[in-house]
file protein.pdb (PDB, C-alpha atoms)
ATOM      1  CA  MET A 120      -3.781  63.697  52.125  1.00  0.00           C
ATOM      2  CA  GLU A 121      -4.503  66.910  53.946  1.00  0.00           C
ATOM      3  CA  LEU A 122      -2.011  69.735  53.518  1.00  0.00           C
ATOM      4  CA  GLY A 123      -1.983  73.016  55.348  1.00  0.00           C
ATOM      5  CA  PRO A 124      -0.687  74.831  58.383  1.00  0.00           C
ATOM      6  CA  ASP A 125      -0.670  73.084  61.723  1.00  0.00           C
ATOM      7  CA  LYS A 126      -0.637  75.609  64.593  1.00  0.00           C
ATOM      8  CA  ASN A 127       0.198  72.863  67.077  1.00  0.00           C
ATOM      9  CA  ALA A 128       3.174  71.529  65.133  1.00  0.00           C
ATOM     10  CA  LYS A 129       6.592  71.806  66.668  1.00  0.00           C
ATOM     11  CA  PRO A 130       9.482  72.900  64.473  1.00  0.00           C
ATOM     12  CA  HIS A 131      11.896  70.183  63.475  1.00  0.00           C
ATOM     13  CA  LYS A 132      14.457  69.603  60.783  1.00  0.00           C
ATOM     14  CA  ALA A 133      12.993  70.015  57.263  1.00  0.00           C
ATOM     15  CA  PRO A 134       9.501  71.371  57.955  1.00  0.00           C
ATOM     16  CA  LEU A 135       8.329  74.490  56.182  1.00  0.00           C
ATOM     17  CA  PRO A 136       7.453  77.346  58.528  1.00  0.00           C
ATOM     18  CA  LEU A 137       5.056  79.685  56.736  1.00  0.00           C
ATOM     19  CA  ALA A 138       4.933  83.315  57.802  1.00  0.00           C
ATOM     20  CA  GLU A 139       1.598  84.569  59.077  1.00  0.00           C
ATOM     21  CA  PRO A 140       0.198  86.474  56.059  1.00  0.00           C
ATOM     22  CA  PHE A 141       0.249  89.879  57.763  1.00  0.00           C
ATOM     23  CA  LEU A 142       3.634  89.606  59.460  1.00  0.00           C
ATOM     24  CA  ASN A 143       5.271  92.994  58.897  1.00  0.00           C
ATOM     25  CA  TYR A 144       8.932  92.095  59.359  1.00  0.00           C
ATOM     26  CA  PRO A 145      10.386  92.827  55.882  1.00  0.00           C
ATOM     27  CA  TYR A 146      12.568  89.734  55.548  1.00  0.00           C
ATOM     28  CA  PHE A 147       9.755  87.375  56.447  1.00  0.00           C
ATOM     29  CA  ARG A 148       6.622  88.937  54.958  1.00  0.00           C
ATOM     30  CA  ARG A 149       4.735  86.116  53.186  1.00  0.00           C
ATOM     31  CA  THR A 150       7.695  83.773  53.247  1.00  0.00           C
ATOM     32  CA  VAL A 151       8.253  80.045  53.340  1.00  0.00           C
ATOM     33  CA  ILE A 152      11.317  78.829  55.235  1.00  0.00           C
ATOM     34  CA  PHE A 153      13.136  75.575  54.549  1.00  0.00           C
ATOM     35  CA  LEU A 154      14.278  74.702  58.077  1.00  0.00           C
ATOM     36  CA  CYS A 155      17.686  73.001  57.917  1.00  0.00           C
ATOM     37  CA  GLU A 156      18.340  72.599  61.621  1.00  0.00           C
ATOM     38  CA  HIS A 157      16.337  72.831  64.812  1.00  0.00           C
ATOM     39  CA  ASN A 158      17.810  71.811  68.167  1.00  0.00           C
ATOM     40  CA  ASN A 159      18.440  73.160  71.668  1.00  0.00           C
ATOM     41  CA  GLU A 160      21.010  75.614  70.267  1.00  0.00           C
ATOM     42  CA  GLY A 161      18.447  77.272  67.980  1.00  0.00           C
ATOM     43  CA  SER A 162      17.164  77.009  64.438  1.00  0.00           C
ATOM     44  CA  PHE A 163      18.253  78.040  60.983  1.00  0.00           C
ATOM     45  CA  GLY A 164      17.023  77.770  57.433  1.00  0.00           C
ATOM     46  CA  PHE A 165      16.532  79.606  54.173  1.00  0.00           C
ATOM     47  CA  VAL A 166      13.679  81.692  52.751  1.00  0.00           C
ATOM     48  CA  LEU A 167      12.506  79.811  49.671  1.00  0.00           C
ATOM     49  CA  ASN A 168      10.359  82.444  47.993  1.00  0.00           C
ATOM     50  CA  ASN A 169      12.347  85.689  48.120  1.00  0.00           C
ATOM     51  CA  TYR A 170      14.200  85.750  44.811  1.00  0.00           C
ATOM     52  CA  ILE A 171      16.651  88.396  43.708  1.00  0.00           C
ATOM     53  CA  ASP A 172      17.301  89.420  40.137  1.00  0.00           C
ATOM     54  CA  VAL A 173      21.063  89.005  40.089  1.00  0.00           C
ATOM     55  CA  ASP A 174      23.426  86.549  38.442  1.00  0.00           C
ATOM     56  CA  LEU A 175      25.762  84.279  40.371  1.00  0.00           C
ATOM     57  CA  GLU A 176      28.823  85.833  38.749  1.00  0.00           C
ATOM     58  CA  GLN A 177      27.708  89.244  40.041  1.00  0.00           C
ATOM     59  CA  ILE A 178      27.654  87.961  43.615  1.00  0.00           C
ATOM     60  CA  MET A 179      30.957  86.131  43.597  1.00  0.00           C
ATOM     61  CA  GLU A 180      34.045  86.646  41.448  1.00  0.00           C
ATOM     62  CA  ASN A 181      35.223  83.946  39.030  1.00  0.00           C
ATOM     63  CA  MET A 182      31.914  82.130  39.020  1.00  0.00           C
ATOM     64  CA  PRO A 183      30.489  80.650  35.833  1.00  0.00           C
ATOM     65  CA  ALA A 184      27.162  81.703  34.364  1.00  0.00           C
ATOM     66  CA  PHE A 185      24.335  79.905  36.143  1.00  0.00           C
ATOM     67  CA  GLN A 186      20.706  79.943  35.031  1.00  0.00           C
ATOM     68  CA  GLY A 187      19.187  79.001  38.407  1.00  0.00           C
ATOM     69  CA  ARG A 188      17.403  81.364  40.739  1.00  0.00           C
ATOM     70  CA  ILE A 189      19.098  83.001  43.696  1.00  0.00           C
ATOM     71  CA  SER A 190      17.247  83.925  46.862  1.00  0.00           C
ATOM     72  CA  ILE A 191      17.737  86.103  49.877  1.00  0.00           C
ATOM     73  CA  GLY A 192      17.931  83.333  52.468  1.00  0.00           C
ATOM     74  CA  GLY A 193      17.423  85.677  55.395  1.00  0.00           C
ATOM     75  CA  PRO A 194      18.894  88.547  57.368  1.00  0.00           C
ATOM     76  CA  VAL A 195      21.796  86.683  58.997  1.00  0.00           C
ATOM     77  CA  ARG A 196      25.256  86.808  57.402  1.00  0.00           C
ATOM     78  CA  ASN A 197      23.822  88.290  54.249  1.00  0.00           C
ATOM     79  CA  SER A 198      27.272  88.834  52.779  1.00  0.00           C
ATOM     80  CA  ASN A 199      27.739  85.036  52.531  1.00  0.00           C
ATOM     81  CA  LEU A 200      26.540  82.650  49.836  1.00  0.00           C
ATOM     82  CA  TYR A 201      24.934  79.334  50.857  1.00  0.00           C
ATOM     83  CA  TYR A 202      23.445  76.532  48.816  1.00  0.00           C
ATOM     84  CA  LEU A 203      21.152  73.527  48.931  1.00  0.00           C
ATOM     85  CA  HIS A 204      21.467  70.793  46.336  1.00  0.00           C
ATOM     86  CA  THR A 205      20.437  67.325  45.235  1.00  0.00           C
ATOM     87  CA  LEU A 206      23.936  66.232  44.199  1.00  0.00           C
ATOM     88  CA  GLY A 207      24.500  64.172  47.343  1.00  0.00           C
ATOM     89  CA  GLU A 208      27.940  62.729  47.833  1.00  0.00           C
ATOM     90  CA  THR A 209      29.101  64.150  44.500  1.00  0.00           C
ATOM     91  CA  ILE A 210      30.010  67.177  46.610  1.00  0.00           C
ATOM     92  CA  ASP A 211      32.251  66.115  49.510  1.00  0.00           C
ATOM     93  CA  GLU A 212      31.340  67.363  52.979  1.00  0.00           C
ATOM     94  CA  SER A 213      27.668  67.902  52.074  1.00  0.00           C
ATOM     95  CA  VAL A 214      25.177  67.515  54.914  1.00  0.00           C
ATOM     96  CA  GLU A 215      21.933  65.672  54.197  1.00  0.00           C
ATOM     97  CA  ILE A 216      19.005  67.744  55.480  1.00  0.00           C
ATOM     98  CA  MET A 217      16.286  65.348  54.366  1.00  0.00           C
ATOM     99  CA  PRO A 218      16.357  62.417  51.952  1.00  0.00           C
ATOM    100  CA  GLY A 219      17.807  63.691  48.683  1.00  0.00           C
ATOM    101  CA  VAL A 220      18.381  67.293  49.831  1.00  0.00           C
ATOM    102  CA  TYR A 221      21.842  68.392  50.925  1.00  0.00           C
ATOM    103  CA  MET A 222      23.379  71.580  52.232  1.00  0.00           C
ATOM    104  CA  GLY A 223      26.803  72.944  51.429  1.00  0.00           C
ATOM    105  CA  GLY A 224      29.880  70.874  50.872  1.00  0.00           C
ATOM    106  CA  ASN A 225      33.151  71.496  49.100  1.00  0.00           C
ATOM    107  CA  PHE A 226      32.596  74.732  47.184  1.00  0.00           C
ATOM    108  CA  ASP A 227      35.523  74.120  44.808  1.00  0.00           C
ATOM    109  CA  THR A 228      33.901  70.854  43.715  1.00  0.00           C
ATOM    110  CA  LEU A 229      30.593  72.604  43.099  1.00  0.00           C
ATOM    111  CA  LYS A 230      32.351  75.358  41.163  1.00  0.00           C
ATOM    112  CA  LYS A 231      34.093  72.778  38.920  1.00  0.00           C
ATOM    113  CA  LEU A 232      30.766  71.041  38.289  1.00  0.00           C
ATOM    114  CA  LEU A 233      29.206  74.374  37.352  1.00  0.00           C
ATOM    115  CA  ILE A 234      32.087  75.307  35.025  1.00  0.00           C
ATOM    116  CA  THR A 235      31.916  71.956  33.224  1.00  0.00           C
ATOM    117  CA  GLY A 236      28.127  72.127  32.884  1.00  0.00           C
ATOM    118  CA  GLN A 237      27.516  69.050  35.028  1.00  0.00           C
ATOM    119  CA  VAL A 238      24.975  70.798  37.236  1.00  0.00           C
ATOM    120  CA  HIS A 239      21.453  71.600  36.079  1.00  0.00           C
ATOM    121  CA  LYS A 240      19.711  74.663  37.501  1.00  0.00           C
ATOM    122  CA  ASP A 241      17.200  72.401  39.261  1.00  0.00           C
ATOM    123  CA  GLN A 242      19.962  70.615  41.193  1.00  0.00           C
ATOM    124  CA  VAL A 243      21.295  73.543  43.210  1.00  0.00           C
ATOM    125  CA  ARG A 244      19.733  76.575  44.852  1.00  0.00           C
ATOM    126  CA  PHE A 245      21.807  79.530  46.061  1.00  0.00           C
ATOM    127  CA  PHE A 246      20.928  81.815  48.975  1.00  0.00           C
ATOM    128  CA  VAL A 247      22.423  85.085  50.122  1.00  0.00           C
ATOM    129  CA  GLY A 248      22.316  84.957  53.924  1.00  0.00           C
ATOM    130  CA  TYR A 249      20.180  82.703  56.096  1.00  0.00           C
ATOM    131  CA  SER A 250      17.408  82.881  58.679  1.00  0.00           C
ATOM    132  CA  GLY A 251      18.281  82.068  62.270  1.00  0.00           C
ATOM    133  CA  TRP A 252      16.587  81.891  65.645  1.00  0.00           C
ATOM    134  CA  SER A 253      18.044  81.630  69.134  1.00  0.00           C
ATOM    135  CA  PRO A 254      17.016  78.720  71.409  1.00  0.00           C
ATOM    136  CA  GLU A 255      13.225  78.568  71.800  1.00  0.00           C
ATOM    137  CA  GLN A 256      12.724  81.756  69.755  1.00  0.00           C
ATOM    138  CA  LEU A 257      11.061  79.982  66.826  1.00  0.00           C
ATOM    139  CA  GLU A 258       8.805  77.961  69.162  1.00  0.00           C
ATOM    140  CA  ASN A 259       7.685  81.193  70.832  1.00  0.00           C
ATOM    141  CA  GLU A 260       7.012  82.830  67.461  1.00  0.00           C
ATOM    142  CA  ILE A 261       4.915  79.803  66.449  1.00  0.00           C
ATOM    143  CA  LYS A 262       2.965  80.019  69.725  1.00  0.00           C
ATOM    144  CA  SER A 263       2.292  83.699  69.039  1.00  0.00           C
ATOM    145  CA  ASN A 264       0.989  82.780  65.551  1.00  0.00           C
ATOM    146  CA  SER A 265       3.787  84.540  63.653  1.00  0.00           C
ATOM    147  CA  TRP A 266       4.486  81.239  61.902  1.00  0.00           C
ATOM    148  CA  PHE A 267       2.524  78.176  60.898  1.00  0.00           C
ATOM    149  CA  VAL A 268       4.330  74.876  60.405  1.00  0.00           C
ATOM    150  CA  THR A 269       3.669  72.452  57.593  1.00  0.00           C
ATOM    151  CA  SER A 270       5.842  69.630  56.326  1.00  0.00           C
ATOM    152  CA  VAL A 271       7.088  68.675  52.912  1.00  0.00           C
ATOM    153  CA  PRO A 272       4.885  65.793  51.774  1.00  0.00           C
ATOM    154  CA  LYS A 273       6.871  62.667  50.903  1.00  0.00           C
ATOM    155  CA  GLU A 274       4.252  61.700  48.349  1.00  0.00           C
ATOM    156  CA  VAL A 275       1.302  63.566  46.961  1.00  0.00           C
ATOM    157  CA  ASP A 276      -1.906  61.580  46.569  1.00  0.00           C
ATOM    158  CA  GLU A 277      -3.246  61.652  43.035  1.00  0.00           C
TER
END

call {"tool": "encode", "arguments": {"input": "protein.pdb", "output": "structure tokens"}}
result
Amino acid sequence: MELGPDKNAKPHKAPLPLAEPFLNYPYFRRTVIFLCEHNNEGSFGFVLNNYIDVDLEQIMENMPAFQGRISIGGPVRNSNLYYLHTLGETIDESVEIMPGVYMGGNFDTLKKLLITGQVHKDQVRFFVGYSGWSPEQLENEIKSNSWFVTSVPKEVDE
């Protein structure tokens, strides 16, 4: 299997746009984006590799201790907390982004699962803010080589 950037790839739900290594925009310098949605209304996703050294209970009141990492998801609505998870239908109203990966859902249910210790740090990932693009903006940035698109491999050859 060959992995790597594909300059001719078109963005679609669940690829990984990779920032051009010398992109100077502070939020996106050397970032990998998990693209959750891409359609004629625009695109949005979360920066995967921009961690912050803060605890969940510092971000939001009445939250339990959580050992997982928290990321700055992007510059849009950066006063809001978002999350991806692998808990599926355990959390009502979750939206499946790709097989086994879900976004959002009933926050009270997630909070109860966290309080009772039923969620492992590898099952949920929190983001402060998100990354968003207007219609055709991401395609134009890919054409101008600001981003390279690669996909999450379903299986890795051994």

call {"tool": "residues_around", "arguments": {"input": "protein.pdb", "residues": "Ser213 in chain A", "least_positions_apart": "2", "cutoff": "12 Å", "atoms": "all atoms listed in the file", "output": "ChimeraX atom specification"}}
result
/A:201-211,215-217,219-226,228-229

call {"tool": "axis_aligned_box", "arguments": {"input": "protein.pdb", "around": "range 136-149 of chain A", "padding_each_side": "8 Å", "output": "lines of an AutoDock Vina configuration file"}}
result
center_x = 6.4
center_y = 85.2
center_z = 56.3
size_x = 28.4
size_y = 31.6
size_z = 22.3

call {"tool": "resolve_selection", "arguments": {"input": "protein.pdb", "expression": "the PyMOL selection byres ((chain A and resi 197) around 12)", "output": "PyMOL selection string"}}
result
chain A and resi 146+165+178+190-196+198-201+246-251

call {"tool": "atom_distance", "arguments": {"input": "protein.pdb", "atom1": "CA of Ser265 in chain A", "atom2": "CA of Arg149 in chain A"}}
result
10.6 Å

call {"tool": "resolve_selection", "arguments": {"input": "protein.pdb", "expression": "the PyMOL selection byres ((chain A and resi 171-177) around 12)", "output": "tab-separated table (two decimals) with C-alpha atoms, in the coordinates of the input"}}
result
chain	number	residue	atom	x	y	z
A	166	VAL	CA	13.68	81.69	52.75
A	167	LEU	CA	12.51	79.81	49.67
A	168	ASN	CA	10.36	82.44	47.99
A	169	ASN	CA	12.35	85.69	48.12
A	170	TYR	CA	14.20	85.75	44.81
A	178	ILE	CA	27.65	87.96	43.62
A	179	MET	CA	30.96	86.13	43.60
A	180	GLU	CA	34.04	86.65	41.45
A	181	ASN	CA	35.22	83.95	39.03
A	182	MET	CA	31.91	82.13	39.02
A	183	PRO	CA	30.49	80.65	35.83
A	184	ALA	CA	27.16	81.70	34.36
A	185	PHE	CA	24.34	79.90	36.14
A	186	GLN	CA	20.71	79.94	35.03
A	187	GLY	CA	19.19	79.00	38.41
A	188	ARG	CA	17.40	81.36	40.74
A	189	ILE	CA	19.10	83.00	43.70
A	190	SER	CA	17.25	83.92	46.86
A	191	ILE	CA	17.74	86.10	49.88
A	192	GLY	CA	17.93	83.33	52.47
A	200	LEU	CA	26.54	82.65	49.84
A	201	TYR	CA	24.93	79.33	50.86
A	202	TYR	CA	23.44	76.53	48.82
A	230	LYS	CA	32.35	75.36	41.16
A	233	LEU	CA	29.21	74.37	37.35
A	234	ILE	CA	32.09	75.31	35.02
A	240	LYS	CA	19.71	74.66	37.50
A	243	VAL	CA	21.30	73.54	43.21
A	244	ARG	CA	19.73	76.58	44.85
A	245	PHE	CA	21.81	79.53	46.06
A	246	PHE	CA	20.93	81.82	48.98
A	247	VAL	CA	22.42	85.08	50.12

call {"tool": "resolve_selection", "arguments": {"input": "protein.pdb", "expression": "the PyMOL selection byres ((chain A and resi 252) around 7)", "output": "PyMOL selection string"}}
result
chain A and resi 161-163+251+253-254+256-257

call {"tool": "atom_distance", "arguments": {"input": "protein.pdb", "atom1": "CA of Val214 in chain A", "atom2": "CA of Thr235 in chain A"}}
result
23.1 Å

call {"tool": "decode", "arguments": {"input": "protein.pdb", "residues": "range 156-265 of chain A", "atoms": "C-alpha atoms", "output": "compact mmCIF listing (two decimals), in the first residue's frame"}}
result
# COMPACT_ATOMS: atom_id res chain seq x y z
CA GLU A 156 -18.04 17.07 6.47
CA HIS A 157 -17.49 18.29 2.94
CA ASN A 158 -20.40 19.31 0.71
CA ASN A 159 -21.66 22.23 -1.38
CA GLU A 160 -22.21 24.27 1.81
CA GLY A 161 -18.54 24.04 2.81
CA SER A 162 -16.27 21.88 4.91
CA PHE A 163 -15.43 21.41 8.55
CA GLY A 164 -13.20 19.25 10.69
CA PHE A 165 -10.80 19.20 13.59
CA VAL A 166 -7.03 19.67 13.88
CA LEU A 167 -5.70 16.37 15.19
CA ASN A 168 -2.19 17.35 16.20
CA ASN A 169 -2.50 20.64 18.10
CA TYR A 170 -2.76 19.58 21.73
CA ILE A 171 -3.25 21.89 24.67
CA ASP A 172 -2.02 21.26 28.17
CA VAL A 173 -5.28 21.74 30.04
CA ASP A 174 -7.65 19.41 31.85
CA LEU A 175 -11.26 18.90 30.83
CA GLU A 176 -12.52 20.17 34.18
CA GLN A 177 -10.64 23.44 33.58
CA ILE A 178 -12.48 23.98 30.30
CA MET A 179 -15.97 23.16 31.48
CA GLU A 180 -17.49 23.31 34.96
CA ASN A 181 -18.70 20.14 36.71
CA MET A 182 -16.74 17.83 34.46
CA PRO A 183 -14.99 14.76 35.84
CA ALA A 184 -11.25 14.22 35.61
CA PHE A 185 -10.35 12.86 32.19
CA GLN A 186 -6.92 11.55 31.22
CA GLY A 187 -7.33 11.97 27.44
CA ARG A 188 -5.73 14.67 25.35
CA ILE A 189 -7.55 17.83 24.34
CA SER A 190 -6.82 19.66 21.12
CA ILE A 191 -7.43 23.04 19.60
CA GLY A 192 -9.74 21.92 16.79
CA GLY A 193 -9.42 25.16 14.88
CA PRO A 194 -10.16 28.87 14.91
CA VAL A 195 -13.96 28.69 14.55
CA ARG A 196 -16.16 28.85 17.66
CA ASN A 197 -13.17 28.33 19.89
CA SER A 198 -15.23 28.90 23.01
CA ASN A 199 -17.13 25.64 22.32
CA LEU A 200 -16.14 22.07 23.16
CA TYR A 201 -16.60 19.34 20.52
CA TYR A 202 -15.79 15.66 20.56
CA LEU A 203 -15.21 12.61 18.38
CA HIS A 204 -15.66 9.14 19.82
CA THR A 205 -15.86 5.43 19.13
CA LEU A 206 -18.82 4.81 21.45
CA GLY A 207 -21.34 4.63 18.61
CA GLU A 208 -24.97 4.41 19.56
CA THR A 209 -24.07 4.34 23.26
CA ILE A 210 -24.33 8.12 22.94
CA ASP A 211 -27.72 9.07 21.46
CA GLU A 212 -27.74 11.54 18.57
CA SER A 213 -24.15 10.74 17.56
CA VAL A 214 -23.32 11.16 13.88
CA GLU A 215 -21.15 8.51 12.23
CA ILE A 216 -18.34 10.21 10.30
CA MET A 217 -16.70 7.03 9.07
CA PRO A 218 -17.09 3.41 10.17
CA GLY A 219 -16.52 3.32 13.93
CA VAL A 220 -15.90 7.06 14.37
CA TYR A 221 -18.70 9.30 15.61
CA MET A 222 -19.11 12.99 16.31
CA GLY A 223 -21.06 14.56 19.13
CA GLY A 224 -24.26 13.23 20.55
CA ASN A 225 -26.03 13.69 23.85
CA PHE A 226 -23.49 15.44 26.06
CA ASP A 227 -25.27 14.48 29.30
CA THR A 228 -24.90 10.81 28.37
CA LEU A 229 -21.20 11.27 27.67
CA LYS A 230 -20.76 13.13 30.95
CA LYS A 231 -22.45 10.28 32.89
CA LEU A 232 -20.20 7.74 31.16
CA LEU A 233 -17.16 9.80 32.09
CA ILE A 234 -18.27 10.18 35.73
CA THR A 235 -18.87 6.43 36.09
CA GLY A 236 -15.54 5.56 34.45
CA GLN A 237 -17.14 3.78 31.50
CA VAL A 238 -15.14 5.72 28.93
CA HIS A 239 -11.46 5.07 28.28
CA LYS A 240 -9.26 7.95 27.15
CA ASP A 241 -8.80 6.26 23.76
CA GLN A 242 -12.56 6.26 23.11
CA VAL A 243 -13.18 10.01 23.05
CA ARG A 244 -11.22 13.01 21.83
CA PHE A 245 -12.14 16.57 22.81
CA PHE A 246 -11.54 19.68 20.70
CA VAL A 247 -11.82 23.35 21.52
CA GLY A 248 -13.21 24.98 18.38
CA TYR A 249 -13.22 23.57 14.86
CA SER A 250 -11.82 24.29 11.40
CA GLY A 251 -14.23 25.46 8.73
CA TRP A 252 -14.18 26.49 5.10
CA SER A 253 -16.80 28.22 2.97
CA PRO A 254 -18.04 26.55 -0.25
CA GLU A 255 -15.12 25.74 -2.57
CA GLN A 256 -12.59 27.40 -0.24
CA LEU A 257 -10.87 24.14 0.72
CA GLU A 258 -10.74 22.98 -2.92
CA ASN A 259 -9.08 26.27 -3.88
CA GLU A 260 -6.56 25.95 -1.04
CA ILE A 261 -5.73 22.42 -2.21
CA LYS A 262 -5.26 23.68 -5.78
CA SER A 263 -2.89 26.35 -4.48
CA ASN A 264 -0.90 23.65 -2.63
CA SER A 265 -1.75 24.92 0.86
